[in-house]
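Engineer: Just query.txt, nothing more (compact mmCIF, C-alpha atoms and all ligand atoms):
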```txt
# COMPACT_ATOMS: atom_id res chain seq x y z
CA MET Z 1 -50.09 -15.54 24.49
CA ASP Z 2 -47.08 -17.06 26.23
CA GLY Z 3 -46.15 -14.44 28.83
CA VAL Z 4 -44.08 -11.33 28.30
CA TRP Z 5 -40.75 -11.82 26.53
CA ASP Z 6 -37.82 -9.70 27.71
CA LEU Z 7 -36.85 -9.21 24.08
CA VAL Z 8 -38.44 -10.17 20.79
CA VAL Z 9 -36.19 -9.96 17.74
CA VAL Z 10 -37.83 -9.79 14.32
CA GLY Z 11 -35.56 -11.22 11.60
CA GLY Z 12 -32.87 -13.88 11.86
CA GLY Z 13 -30.22 -12.33 9.56
CA PRO Z 14 -26.91 -11.09 11.03
CA ALA Z 15 -28.52 -8.12 12.83
CA GLY Z 16 -31.26 -10.18 14.46
CA ALA Z 17 -29.04 -13.13 15.35
CA ALA Z 18 -26.47 -10.73 16.87
CA ALA Z 19 -29.19 -9.09 18.98
CA ALA Z 20 -30.47 -12.45 20.21
CA LEU Z 21 -26.97 -13.76 20.95
CA ARG Z 22 -26.00 -10.59 22.81
CA ALA Z 23 -29.16 -10.56 24.90
CA ARG Z 24 -28.49 -14.05 26.28
CA GLN Z 25 -24.78 -13.28 26.60
CA ILE Z 26 -25.32 -10.33 28.92
CA ARG Z 27 -28.36 -11.79 30.67
CA PRO Z 28 -28.32 -15.59 30.47
CA ARG Z 29 -31.80 -15.94 31.98
CA ALA Z 30 -33.49 -13.37 29.70
CA ARG Z 31 -36.51 -14.68 27.77
CA VAL Z 32 -35.57 -13.99 24.16
CA LEU Z 33 -37.68 -14.88 21.12
CA LEU Z 34 -36.30 -14.73 17.57
CA LEU Z 35 -38.89 -14.64 14.78
CA ASP Z 36 -38.21 -15.10 11.08
CA ARG Z 37 -40.68 -15.57 8.27
CA GLU Z 38 -38.43 -18.30 6.82
CA ASP Z 39 -36.92 -21.54 8.06
CA PHE Z 40 -33.14 -21.77 8.14
CA PRO Z 41 -31.04 -22.51 6.19
CA ARG Z 42 -32.36 -19.98 3.70
CA ASP Z 43 -30.67 -18.03 0.90
CA LYS Z 44 -30.21 -14.25 0.93
CA ALA Z 45 -28.96 -12.19 -2.01
CA CYS Z 46 -25.55 -10.98 -0.85
CA GLY Z 47 -21.91 -10.85 -1.95
CA ASP Z 48 -21.17 -13.14 1.03
CA GLY Z 49 -18.13 -11.03 1.94
CA ILE Z 50 -17.62 -10.88 5.69
CA ALA Z 51 -15.11 -8.20 6.57
CA ALA Z 52 -12.53 -8.72 9.30
CA HIS Z 53 -14.52 -6.15 11.29
CA GLY Z 54 -17.57 -8.44 11.19
CA LEU Z 55 -15.42 -11.35 12.32
CA ALA Z 56 -14.32 -9.27 15.32
CA GLU Z 57 -18.02 -8.74 16.12
CA LEU Z 58 -18.51 -12.52 16.09
CA ASP Z 59 -15.67 -12.79 18.63
CA LEU Z 60 -17.42 -10.23 20.84
CA LEU Z 61 -20.64 -12.23 20.61
CA GLY Z 62 -18.77 -15.32 21.82
CA VAL Z 63 -19.06 -17.21 18.51
CA GLY Z 64 -15.59 -16.51 17.12
CA GLY Z 65 -15.05 -20.06 15.85
CA LEU Z 66 -18.29 -20.18 13.86
CA LEU Z 67 -16.61 -19.88 10.43
CA SER Z 68 -13.19 -21.39 11.15
CA ASP Z 69 -13.63 -23.94 8.33
CA TYR Z 70 -13.66 -21.13 5.71
CA ARG Z 71 -10.42 -20.02 4.05
CA PRO Z 72 -9.33 -16.43 4.73
CA VAL Z 73 -9.23 -14.18 1.64
CA ARG Z 74 -6.13 -12.04 1.94
CA ARG Z 75 -6.05 -9.84 -1.17
CA LEU Z 76 -8.23 -7.06 -2.56
CA ALA Z 77 -8.15 -5.67 -6.11
CA VAL Z 78 -10.11 -2.60 -7.16
CA VAL Z 79 -10.43 -1.10 -10.65
CA SER Z 80 -11.79 2.47 -10.53
CA PRO Z 81 -14.33 3.88 -13.05
CA GLY Z 82 -11.51 5.53 -15.02
CA GLY Z 83 -9.25 2.45 -14.94
CA GLU Z 84 -6.95 3.20 -11.96
CA ARG Z 85 -5.97 -0.07 -10.27
CA VAL Z 86 -4.87 -1.20 -6.85
CA HIS Z 87 -4.14 -4.81 -5.84
CA ALA Z 88 -2.75 -5.49 -2.37
CA ALA Z 89 -2.94 -7.71 0.69
CA VAL Z 90 -5.41 -6.46 3.29
CA ALA Z 91 -4.17 -5.85 6.84
CA ARG Z 92 -6.71 -8.35 8.23
CA PRO Z 93 -8.16 -11.11 6.01
CA ASN Z 94 -11.85 -11.27 5.15
CA LEU Z 95 -14.03 -14.33 4.62
CA VAL Z 96 -16.51 -15.23 1.89
CA VAL Z 97 -19.24 -17.46 3.31
CA PRO Z 98 -22.53 -18.15 1.52
CA ARG Z 99 -25.36 -16.61 3.51
CA ARG Z 100 -27.23 -19.92 3.39
CA VAL Z 101 -24.45 -21.22 5.67
CA PHE Z 102 -23.56 -18.12 7.69
CA ASP Z 103 -27.07 -17.11 8.75
CA ALA Z 104 -28.11 -20.67 9.62
CA ARG Z 105 -25.04 -21.09 11.83
CA LEU Z 106 -25.74 -17.79 13.61
CA VAL Z 107 -29.37 -18.72 14.26
CA GLU Z 108 -28.30 -22.16 15.47
CA ALA Z 109 -25.78 -20.55 17.84
CA ALA Z 110 -28.56 -18.34 19.23
CA ARG Z 111 -30.80 -21.37 19.72
CA ALA Z 112 -27.96 -23.20 21.50
CA ARG Z 113 -27.62 -20.19 23.83
CA GLY Z 114 -31.25 -20.52 24.88
CA VAL Z 115 -33.01 -18.21 22.43
CA GLU Z 116 -36.38 -19.54 21.27
CA VAL Z 117 -36.50 -19.49 17.47
CA ARG Z 118 -39.84 -19.56 15.66
CA ARG Z 119 -40.94 -19.33 12.06
CA HIS Z 120 -43.35 -16.42 12.09
CA ARG Z 121 -44.02 -13.51 9.74
CA VAL Z 122 -44.72 -10.32 11.70
CA ARG Z 123 -47.62 -8.36 10.20
CA ALA Z 124 -48.87 -6.09 12.98
CA LEU Z 125 -47.45 -4.25 15.97
CA ALA Z 126 -48.84 -2.08 18.76
CA ASP Z 127 -46.74 -0.22 21.30
CA THR Z 128 -49.08 0.13 24.28
CA GLY Z 129 -46.58 2.10 26.32
CA GLY Z 130 -46.19 -0.69 28.88
CA HIS Z 131 -45.08 -3.29 26.32
CA VAL Z 132 -45.16 -4.10 22.61
CA THR Z 133 -47.71 -6.49 21.14
CA LEU Z 134 -46.94 -8.25 17.87
CA ASP Z 135 -49.67 -9.81 15.77
CA GLY Z 136 -52.50 -9.33 18.25
CA PRO Z 137 -55.75 -11.30 18.08
CA VAL Z 138 -57.24 -11.72 14.59
CA ALA Z 139 -60.97 -11.05 14.51
CA ALA Z 140 -63.32 -13.88 13.47
CA GLY Z 141 -64.18 -13.70 9.78
CA PRO Z 142 -65.50 -15.74 6.88
CA ALA Z 143 -62.42 -17.98 7.08
CA GLY Z 144 -63.27 -19.12 10.61
CA PRO Z 145 -63.05 -18.13 14.26
CA GLY Z 146 -60.56 -15.54 15.45
CA VAL Z 147 -57.10 -16.72 16.50
CA SER Z 148 -54.64 -15.29 18.96
CA GLY Z 149 -51.03 -15.49 17.78
CA GLU Z 150 -50.25 -12.58 20.10
CA ILE Z 151 -46.67 -12.07 21.20
CA THR Z 152 -45.89 -9.55 23.93
CA ALA Z 153 -42.45 -8.07 24.60
CA ARG Z 154 -40.85 -5.54 26.88
CA ALA Z 155 -38.80 -4.39 23.88
CA VAL Z 156 -38.41 -5.31 20.22
CA VAL Z 157 -35.37 -5.28 17.93
CA ALA Z 158 -36.55 -4.98 14.33
CA ALA Z 159 -33.92 -6.64 12.14
CA ASP Z 160 -36.24 -7.57 9.31
CA GLY Z 161 -34.08 -6.28 6.49
CA ALA Z 162 -34.26 -3.77 3.66
CA ASN Z 163 -38.04 -3.99 3.21
CA SER Z 164 -38.65 -3.92 6.98
CA THR Z 165 -42.32 -4.42 7.88
CA VAL Z 166 -41.73 -3.28 11.47
CA ARG Z 167 -40.14 -0.06 10.30
CA ARG Z 168 -43.29 0.69 8.29
CA LEU Z 169 -45.52 -0.29 11.23
CA ILE Z 170 -43.81 2.19 13.56
CA GLY Z 171 -44.24 4.94 10.95
CA VAL Z 172 -40.61 5.34 9.86
CA PRO Z 173 -40.48 5.97 6.10
CA ALA Z 174 -38.46 3.77 3.75
CA THR Z 175 -35.11 5.05 2.52
CA ALA Z 176 -35.45 7.42 -0.45
CA ASP Z 177 -34.63 5.97 -3.88
CA GLN Z 178 -31.62 8.26 -4.27
CA HIS Z 179 -30.02 6.47 -1.29
CA THR Z 180 -31.05 2.95 -2.30
CA ALA Z 181 -29.17 0.57 -4.59
CA LEU Z 182 -30.28 -2.64 -6.24
CA ALA Z 183 -27.80 -5.45 -6.80
CA VAL Z 184 -27.90 -8.89 -8.32
CA ARG Z 185 -25.64 -11.72 -7.21
CA GLY Z 186 -24.94 -15.20 -8.58
CA TYR Z 187 -22.34 -17.94 -8.33
CA ALA Z 188 -19.69 -18.83 -10.93
CA ASP Z 189 -16.96 -21.43 -11.25
CA ALA Z 190 -13.65 -19.97 -10.10
CA GLN Z 191 -10.07 -21.10 -9.74
CA ALA Z 192 -9.76 -23.03 -6.49
CA GLY Z 193 -6.63 -21.12 -5.43
CA ASP Z 194 -8.12 -17.65 -6.11
CA ASP Z 195 -7.32 -15.49 -3.08
CA THR Z 196 -8.51 -12.04 -4.26
CA GLN Z 197 -11.74 -10.13 -3.76
CA LEU Z 198 -12.12 -8.20 -7.03
CA VAL Z 199 -14.20 -5.04 -7.47
CA VAL Z 200 -14.58 -3.54 -10.96
CA MET Z 201 -16.28 -0.14 -11.11
CA GLN Z 202 -18.11 1.20 -14.16
CA LYS Z 203 -18.38 4.81 -15.34
CA ASP Z 204 -21.62 4.29 -17.28
CA GLY Z 205 -24.47 4.86 -14.78
CA TRP Z 206 -21.92 5.54 -12.00
CA PRO Z 207 -21.97 4.72 -9.09
CA ALA Z 208 -22.02 1.11 -10.32
CA TYR Z 209 -19.72 -1.84 -9.80
CA ALA Z 210 -19.29 -5.58 -10.24
CA TRP Z 211 -17.54 -7.94 -7.85
CA SER Z 212 -16.09 -11.42 -7.72
CA PHE Z 213 -15.51 -12.88 -4.25
CA PRO Z 214 -13.95 -16.39 -4.09
CA VAL Z 215 -15.67 -18.73 -1.64
CA GLY Z 216 -12.67 -21.06 -1.53
CA ASP Z 217 -14.46 -24.18 -2.78
CA GLY Z 218 -13.94 -23.57 -6.50
CA SER Z 219 -16.86 -21.14 -6.74
CA ALA Z 220 -17.08 -17.36 -6.53
CA ASN Z 221 -19.92 -15.05 -5.59
CA VAL Z 222 -20.28 -12.57 -8.46
CA GLY Z 223 -22.62 -9.61 -8.74
CA PHE Z 224 -23.36 -6.11 -9.93
CA GLY Z 225 -25.16 -3.19 -8.27
CA MET Z 226 -26.35 0.34 -9.12
CA LEU Z 227 -28.31 3.16 -7.48
CA LEU Z 228 -32.05 2.95 -8.20
CA PRO Z 229 -32.39 6.29 -10.07
CA ARG Z 230 -29.46 5.37 -12.38
CA LEU Z 231 -30.94 1.95 -12.96
CA ARG Z 232 -34.30 3.41 -13.94
CA ALA Z 233 -32.57 5.88 -16.28
CA ALA Z 234 -31.03 2.92 -18.14
CA GLY Z 235 -34.48 2.45 -19.70
CA ALA Z 236 -34.70 -1.38 -19.59
CA PRO Z 237 -36.03 -3.81 -16.97
CA ALA Z 238 -33.81 -3.52 -13.87
CA ARG Z 239 -32.88 -7.19 -13.65
CA ARG Z 240 -31.87 -7.30 -17.31
CA VAL Z 241 -29.65 -4.21 -16.93
CA LEU Z 242 -27.92 -5.68 -13.86
CA CYS Z 243 -27.39 -9.13 -15.40
CA ASP Z 244 -26.16 -7.71 -18.75
CA ARG Z 245 -23.66 -5.44 -17.06
CA LEU Z 246 -22.42 -8.23 -14.82
CA ALA Z 247 -21.82 -10.39 -17.90
CA GLU Z 248 -20.12 -7.48 -19.66
CA LEU Z 249 -17.73 -6.66 -16.77
CA LEU Z 250 -16.92 -10.26 -15.78
CA PRO Z 251 -17.34 -12.19 -19.06
CA HIS Z 252 -15.05 -15.00 -17.85
CA LEU Z 253 -17.36 -15.75 -14.88
CA PRO Z 254 -20.82 -16.72 -16.21
CA ALA Z 255 -23.22 -16.62 -13.23
CA ARG Z 256 -25.97 -19.01 -12.13
CA ASP Z 257 -28.57 -18.72 -9.30
CA LEU Z 258 -29.02 -14.99 -9.91
CA ARG Z 259 -30.96 -13.19 -7.20
CA ALA Z 260 -31.47 -9.44 -6.60
CA HIS Z 261 -32.21 -7.38 -3.50
CA LEU Z 262 -32.31 -3.74 -2.33
CA LEU Z 263 -29.50 -2.06 -0.39
CA PRO Z 264 -30.71 0.87 1.80
CA LEU Z 265 -27.57 3.01 2.16
CA SER Z 266 -26.56 4.71 5.38
CA CYS Z 267 -26.62 8.23 3.89
CA GLY Z 268 -30.42 7.88 3.91
CA ARG Z 269 -30.57 6.42 7.42
CA PRO Z 270 -33.74 7.00 9.45
CA VAL Z 271 -34.27 7.61 13.16
CA PRO Z 272 -33.22 4.25 14.61
CA GLY Z 273 -36.58 3.33 16.17
CA ALA Z 274 -39.56 4.55 18.14
CA GLY Z 275 -40.66 3.87 21.71
CA ARG Z 276 -39.71 0.32 22.69
CA VAL Z 277 -38.85 -0.70 19.11
CA LEU Z 278 -35.26 -0.41 17.84
CA LEU Z 279 -34.21 -0.79 14.20
CA ALA Z 280 -30.98 -2.64 13.39
CA GLY Z 281 -29.03 -3.63 10.27
CA ASP Z 282 -30.69 -3.00 6.91
CA ALA Z 283 -33.95 -2.05 8.67
CA ALA Z 284 -31.95 0.93 10.00
CA SER Z 285 -30.38 1.53 6.53
CA LEU Z 286 -26.89 0.84 7.77
CA ILE Z 287 -25.23 -0.21 4.51
CA ASN Z 288 -21.96 1.50 3.61
CA PRO Z 289 -22.73 3.77 0.61
CA LEU Z 290 -19.19 3.40 -0.77
CA THR Z 291 -18.99 -0.39 -0.85
CA GLY Z 292 -22.45 -1.90 -0.23
CA GLU Z 293 -21.10 -3.76 2.83
CA GLY Z 294 -23.73 -4.25 5.50
CA ILE Z 295 -22.95 -7.39 7.50
CA TYR Z 296 -20.52 -5.72 9.89
CA TYR Z 297 -22.94 -2.85 10.58
CA ALA Z 298 -25.79 -5.36 11.01
CA LEU Z 299 -23.85 -7.38 13.60
CA LEU Z 300 -22.71 -4.23 15.41
CA SER Z 301 -26.11 -2.52 15.49
CA GLY Z 302 -27.87 -5.75 16.49
CA ARG Z 303 -25.51 -6.11 19.44
CA LEU Z 304 -25.94 -2.47 20.51
CA ALA Z 305 -29.73 -2.66 20.15
CA ALA Z 306 -29.92 -5.70 22.42
CA GLU Z 307 -27.75 -3.99 25.04
CA ALA Z 308 -30.01 -0.92 25.07
CA ALA Z 309 -33.22 -2.98 25.04
CA LEU Z 310 -32.20 -5.02 28.09
CA ALA Z 311 -30.73 -2.07 29.99
CA ALA Z 312 -33.75 0.24 29.56
CA PRO Z 313 -36.71 -1.65 28.06
CA GLY Z 314 -39.14 1.16 28.92
CA ASP Z 315 -37.20 3.73 26.90
CA PRO Z 316 -34.30 2.09 25.06
CA LEU Z 317 -34.01 4.56 22.16
CA PRO Z 318 -31.81 7.23 23.85
CA ALA Z 319 -29.25 4.62 24.97
CA TYR Z 320 -29.28 2.96 21.54
CA ARG Z 321 -28.79 6.29 19.78
CA ARG Z 322 -25.88 7.13 22.06
CA ALA Z 323 -24.27 3.75 21.46
CA LEU Z 324 -24.66 4.00 17.67
CA ARG Z 325 -23.27 7.51 17.71
CA GLY Z 326 -20.29 6.38 19.81
CA ALA Z 327 -19.51 3.42 17.56
CA LEU Z 328 -20.31 4.84 14.14
CA GLY Z 329 -21.06 8.59 14.40
CA ARG Z 330 -17.81 9.94 12.93
CA HIS Z 331 -17.65 7.11 10.43
CA LEU Z 332 -21.17 7.76 9.16
CA ARG Z 333 -20.47 11.45 8.79
CA THR Z 334 -17.33 10.53 6.83
CA THR Z 335 -19.17 8.17 4.47
CA ASP Z 336 -22.01 10.70 4.04
CA ALA Z 337 -19.44 13.24 2.82
CA LEU Z 338 -17.47 10.75 0.73
CA ALA Z 339 -20.64 9.44 -0.91
CA LEU Z 340 -21.35 12.98 -2.10
CA ALA Z 341 -17.80 13.38 -3.46
CA ALA Z 342 -17.98 9.88 -4.98
CA ARG Z 343 -20.81 10.99 -7.25
CA PHE Z 344 -17.90 12.29 -9.38
CA PRO Z 345 -16.07 9.22 -10.71
CA GLY Z 346 -12.87 11.28 -10.99
CA PHE Z 347 -12.75 11.52 -7.18
CA ILE Z 348 -12.76 7.72 -6.93
CA ASP Z 349 -10.07 7.48 -9.63
CA ALA Z 350 -7.94 9.84 -7.55
CA ALA Z 351 -8.60 7.87 -4.34
CA ILE Z 352 -7.74 4.51 -5.93
CA GLY Z 353 -4.71 6.00 -7.68
CA THR Z 354 -3.47 7.34 -4.33
CA ALA Z 355 -4.14 3.99 -2.61
CA ALA Z 356 -2.09 2.21 -5.30
CA ARG Z 357 0.92 4.36 -4.45
CA ARG Z 358 0.56 4.68 -0.68
CA ARG Z 359 0.06 1.59 1.47
CA GLU Z 360 -1.38 3.56 4.41
CA VAL Z 361 -4.06 5.06 2.14
CA PHE Z 362 -5.06 1.60 0.90
CA ASP Z 363 -5.43 0.42 4.53
CA LEU Z 364 -7.44 3.50 5.40
CA LEU Z 365 -9.82 3.06 2.48
CA VAL Z 366 -10.42 -0.54 3.58
CA GLU Z 367 -11.25 0.72 7.08
CA VAL Z 368 -13.70 3.28 5.68
CA GLY Z 369 -15.27 0.89 3.18
CA LEU Z 370 -15.58 -2.16 5.38
CA GLY Z 371 -15.38 -0.94 8.96
CA ALA Z 372 -15.83 2.15 11.11
CA GLY Z 373 -12.89 4.13 9.70
CA THR Z 374 -12.68 7.87 9.13
CA VAL Z 375 -10.47 9.92 6.81
CA PRO Z 376 -8.08 12.56 8.14
CA ALA Z 377 -8.50 15.98 6.51
CA PRO Z 378 -4.95 16.09 4.99
CA LEU Z 379 -5.71 12.92 3.06
CA VAL Z 380 -8.99 14.32 1.71
CA CYS Z 381 -6.99 17.34 0.52
CA ALA Z 382 -4.35 15.09 -1.12
CA VAL Z 383 -7.01 13.11 -3.01
CA ALA Z 384 -8.94 16.25 -3.96
CA GLY Z 385 -5.67 17.80 -5.20
CA ARG Z 386 -4.93 14.75 -7.35
CA TRP Z 387 -8.48 14.82 -8.71
CA LEU Z 388 -8.25 18.53 -9.59
CA THR Z 389 -4.83 18.12 -11.21
CA ALA Z 390 -6.14 15.24 -13.32
CA GLY Z 391 -9.16 17.37 -14.30
CA LEU Z 392 -6.96 20.33 -15.27
CA ARG Z 393 -4.65 18.08 -17.28
CA ARG Z 394 -7.62 16.71 -19.19
CA SER Z 395 -9.12 20.13 -19.89
C1 LIG Z 401 -26.65 -8.32 -3.83
C2 LIG Z 401 -26.12 -7.87 -2.50
C3 LIG Z 401 -24.77 -8.06 -2.19
C4 LIG Z 401 -24.30 -7.72 -0.91
N1 LIG Z 401 -23.00 -8.03 -0.61
C5 LIG Z 401 -22.56 -7.82 0.64
C6 LIG Z 401 -21.26 -8.28 1.02
O1 LIG Z 401 -20.54 -8.91 0.26
N2 LIG Z 401 -20.86 -8.02 2.30
C7 LIG Z 401 -21.64 -7.35 3.19
O2 LIG Z 401 -21.19 -7.10 4.31
N3 LIG Z 401 -22.88 -6.93 2.86
C8 LIG Z 401 -23.37 -7.18 1.62
N4 LIG Z 401 -24.64 -6.82 1.31
C9 LIG Z 401 -25.48 -6.22 2.34
C10 LIG Z 401 -25.97 -7.32 3.31
O3 LIG Z 401 -26.56 -8.37 2.58
C11 LIG Z 401 -26.98 -6.74 4.31
O4 LIG Z 401 -26.48 -5.55 4.81
C12 LIG Z 401 -27.24 -7.72 5.46
O5 LIG Z 401 -27.87 -8.88 5.00
C13 LIG Z 401 -28.11 -7.05 6.53
O6 LIG Z 401 -28.46 -7.98 7.51
P1 LIG Z 401 -29.85 -7.84 8.30
O7 LIG Z 401 -29.80 -8.87 9.37
O8 LIG Z 401 -30.09 -6.43 8.65
O9 LIG Z 401 -30.98 -8.20 7.22
P2 LIG Z 401 -31.24 -9.53 6.39
O10 LIG Z 401 -29.99 -10.29 6.25
O11 LIG Z 401 -31.96 -9.12 5.17
O12 LIG Z 401 -32.21 -10.39 7.32
C14 LIG Z 401 -33.55 -10.00 7.52
C15 LIG Z 401 -34.35 -11.21 7.97
O13 LIG Z 401 -35.66 -10.77 8.33
C16 LIG Z 401 -36.60 -11.71 7.91
N5 LIG Z 401 -37.89 -11.02 7.77
C17 LIG Z 401 -38.23 -10.08 6.88
N6 LIG Z 401 -39.48 -9.64 7.09
C18 LIG Z 401 -39.95 -10.33 8.15
C19 LIG Z 401 -41.19 -10.31 8.87
N7 LIG Z 401 -42.20 -9.50 8.53
N8 LIG Z 401 -41.34 -11.14 9.93
C20 LIG Z 401 -40.34 -11.99 10.29
N9 LIG Z 401 -39.15 -12.04 9.64
C21 LIG Z 401 -38.96 -11.21 8.60
C22 LIG Z 401 -36.04 -12.25 6.59
O14 LIG Z 401 -36.53 -13.53 6.29
C23 LIG Z 401 -34.53 -12.28 6.90
O15 LIG Z 401 -34.11 -13.53 7.39
C24 LIG Z 401 -25.15 -7.12 0.04
C25 LIG Z 401 -26.49 -6.90 -0.28
C26 LIG Z 401 -26.98 -7.27 -1.53
C27 LIG Z 401 -28.44 -7.06 -1.85
```
Could you show the structure in this file as structure tokens?
Structural biologist:
Amino acid sequence: MDGVWDLVVVGGGPAGAAAALRARQIRPRARVLLLDREDFPRDKACGDGIAAHGLAELDLLGVGGLLSDYRPVRRLAVVSPGGERVHAAVARPNLVVPRRVFDARLVEAARARGVEVRRHRVRALADTGGHVTLDGPVAAGPAGPGVSGEITARAVVAADGANSTVRRLIGVPATADQHTALAVRGYADAQAGDDTQLVVMQKDGWPAYAWSFPVGDGSANVGFGMLLPRLRAAGAPARRVLCDRLAELLPHLPARDLRAHLLPLSCGRPVPGAGRVLLAGDAASLINPLTGEGIYYALLSGRLAAEAALAAPGDPLPAYRRALRGALGRHLRTTDALALAARFPGFIDAAIGTAARRREVFDLLVEVGLGAGTVPAPLVCAVAGRWLTAGLRRS
């Protein structure tokens, strides 16, 4: 045991790195330990799209220049399940940065700020009331004498991803299948000058969509994702369904290095922690149910969790809840409602059709899909009206 850490962060993805960076930013002398079961750089299945909102979070964390060597991607094209299309420049450009690069740079920035980074897989946790103990002493057994890898913290930020071990250890159930998606991503050769993030939705098994996001180096991140219940209903092994559909929707972009991972969507979000342990990022199921974007919410929630953990280590949950509610409350209620409406592909056709005709609607949908945006009631009525009219015309 090496004394009591002010903050231990479990997981070195965007949520964990943001928490570690923020902790040392607001209290430069805080003892902060960042644990990850893997060494960096490491790969992570992701579309690699970093929304402008996530880039603003990097600015707040004091690492705004971290990705300045990557080319901004200025255009977004979306094809709806029924074939409506919109293709326009986004108000603020996004980036596409392989996670092998992005996460390693974030962890390195945290280390440079004085965070201790260790390779360590967390397997056990006890909240004693006075502090949290991770991986306490292991009893002697046939393999040899007992060892003490014990780590003690005033507070813990659990940012250990979609299959969070810490979340299970504090008794918070995993997100229900109906609110969980599975997606596969790969890399394909792309035109070097390609400046458009493309999303192609599919009616069969809806909600389901493929994407192609240009990295800017002659490659593109391509992938396809579906909700778990729809995937199971397809009646073939999940990976085969995802890969076949990706090939079918983007036949001109054959993918290599395919890798799949779960996406716990925010409409199934849990309580964001217990006692001195706060959940952030995918561990808190903060992925946008309309787009599958999670990096911005991971950076934001990691930052807010660190602020609460340092301000009130004895009881950080109320402050964290308040901060999350302030930053994302209305947005999450909006995406909860839209995710229900989006179960009907015709609603998405109407929304994309409206966005193709009205610039301000396109901008608003980007804010809702990639940031913390909300939708004004008159717009919901306009889209619903368009959807109903289209339905009546068909019938
Ligand atoms: C195929 C796919 C495509 C996606 N595309 C996009 C996209 O384009 N843009 C976007 O914004 N979002 C996208 N997402 C979502 C995004 O990847 C996640 O929301 C984001 O990675 C969440 O970050 P995180 O820090 O919470 O978790 P992670 O990035 O998963 O990091 C968790 C870390 O915890 C570590 N860990 C796990 N268990 C332990 C343990 N027991 N002990 C110690 N360490 C542990 C892991 O090694 C890992 O480094 C996509 C997701 C998928 C699956």
Engineer: Determine the nearest neighbour of Asp135 of chain Z from the options Z:Gly65, Z:Gly186, Z:Gly149, Z:Pro270, counting all atoms listed in the file.
Structural biologist: Z:Gly149
Engineer: When distances are computed from all atoms listed in the file, which of Z:Ala91, Z:Val117, Z:Ala153, Z:Leu262 shows the smallest separation from ligand LIG 401 (chain Z)?
Structural biologist: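 Selected residue with least distance to ligand LIG 401 (chain Z): Z:Leu262.
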Engineer: Would you please work out which residue, of Z:Asp69, Z:Glu116, Z:Asp257, Z:Asp194, is nearest to Arg31 of chain Z when using only C-alpha atoms?
Structural biologist: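 Of all the options, Z:Glu116 lies closest to Arg31 of chain Z.
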Engineer: Would you pick out the contacts of segment 328-335 of chain Z at 7 Å or less, using only C-alpha atoms, so that residues sharing its chain but fewer than 6 positions from it are not included, and give the list as a list in words?
Structural biologist: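 My list of contacting residues is Pro289, Ala372, Gly373, Thr374 and Val375 of chain Z.
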Engineer: For Ile352 of chain Z, which residue out of Z:Arg85, Z:Arg24, Z:Arg37, Z:His261 is the nearest one, using only C-alpha atoms?
Structural biologist: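 Comparing Z:Arg85, Z:Arg24, Z:Arg37, Z:His261 against Ile352 of chain Z, the winner is Z:Arg85.
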Engineer: Smallest atom-to-atom distance to ligand LIG 401 (chain Z): which of Z:Gly281, Z:Gly326, Z:Gly223, Z:Gly302, using only C-alpha atoms and all ligand atoms?
Structural biologist: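 The answer is Z:Gly281, which sits nearest to ligand LIG 401 (chain Z).
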Engineer: Can you list, as a VMD selection string, every protein, DNA or RNA residue that comes within 12 Å of Phe102 of chain Z when you count only C-alpha atoms, leaving out same-chain residues fewer than 2 positions away?
Structural biologist: chain Z and resid 12 to 14 17 40 to 44 46 48 to 50 54 to 55 58 63 65 to 70 95 to 100 104 to 109 295
Engineer: What box, with edges along x, y and z, holds each listed atom of ligand LIG 401 (chain Z) when 5 Å is added on every side, and can you state its centre and edge lengths in Å to one decimal, as JSON?
Structural biologist:
```
{"center_x": -31.4, "center_y": -9.5, "center_z": 3.2, "size_x": 31.7, "size_y": 18.0, "size_z": 24.1}
```
Engineer: Would you work out the distance separating atom CA of Gly294 of chain Z from atom C2 of ligand LIG 401 (chain Z), expressed in Å to one decimal?
Structural biologist: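 Spanning atom CA of Gly294 of chain Z to atom C2 of ligand LIG 401 (chain Z) is a straight-line distance of 9.1 Å.
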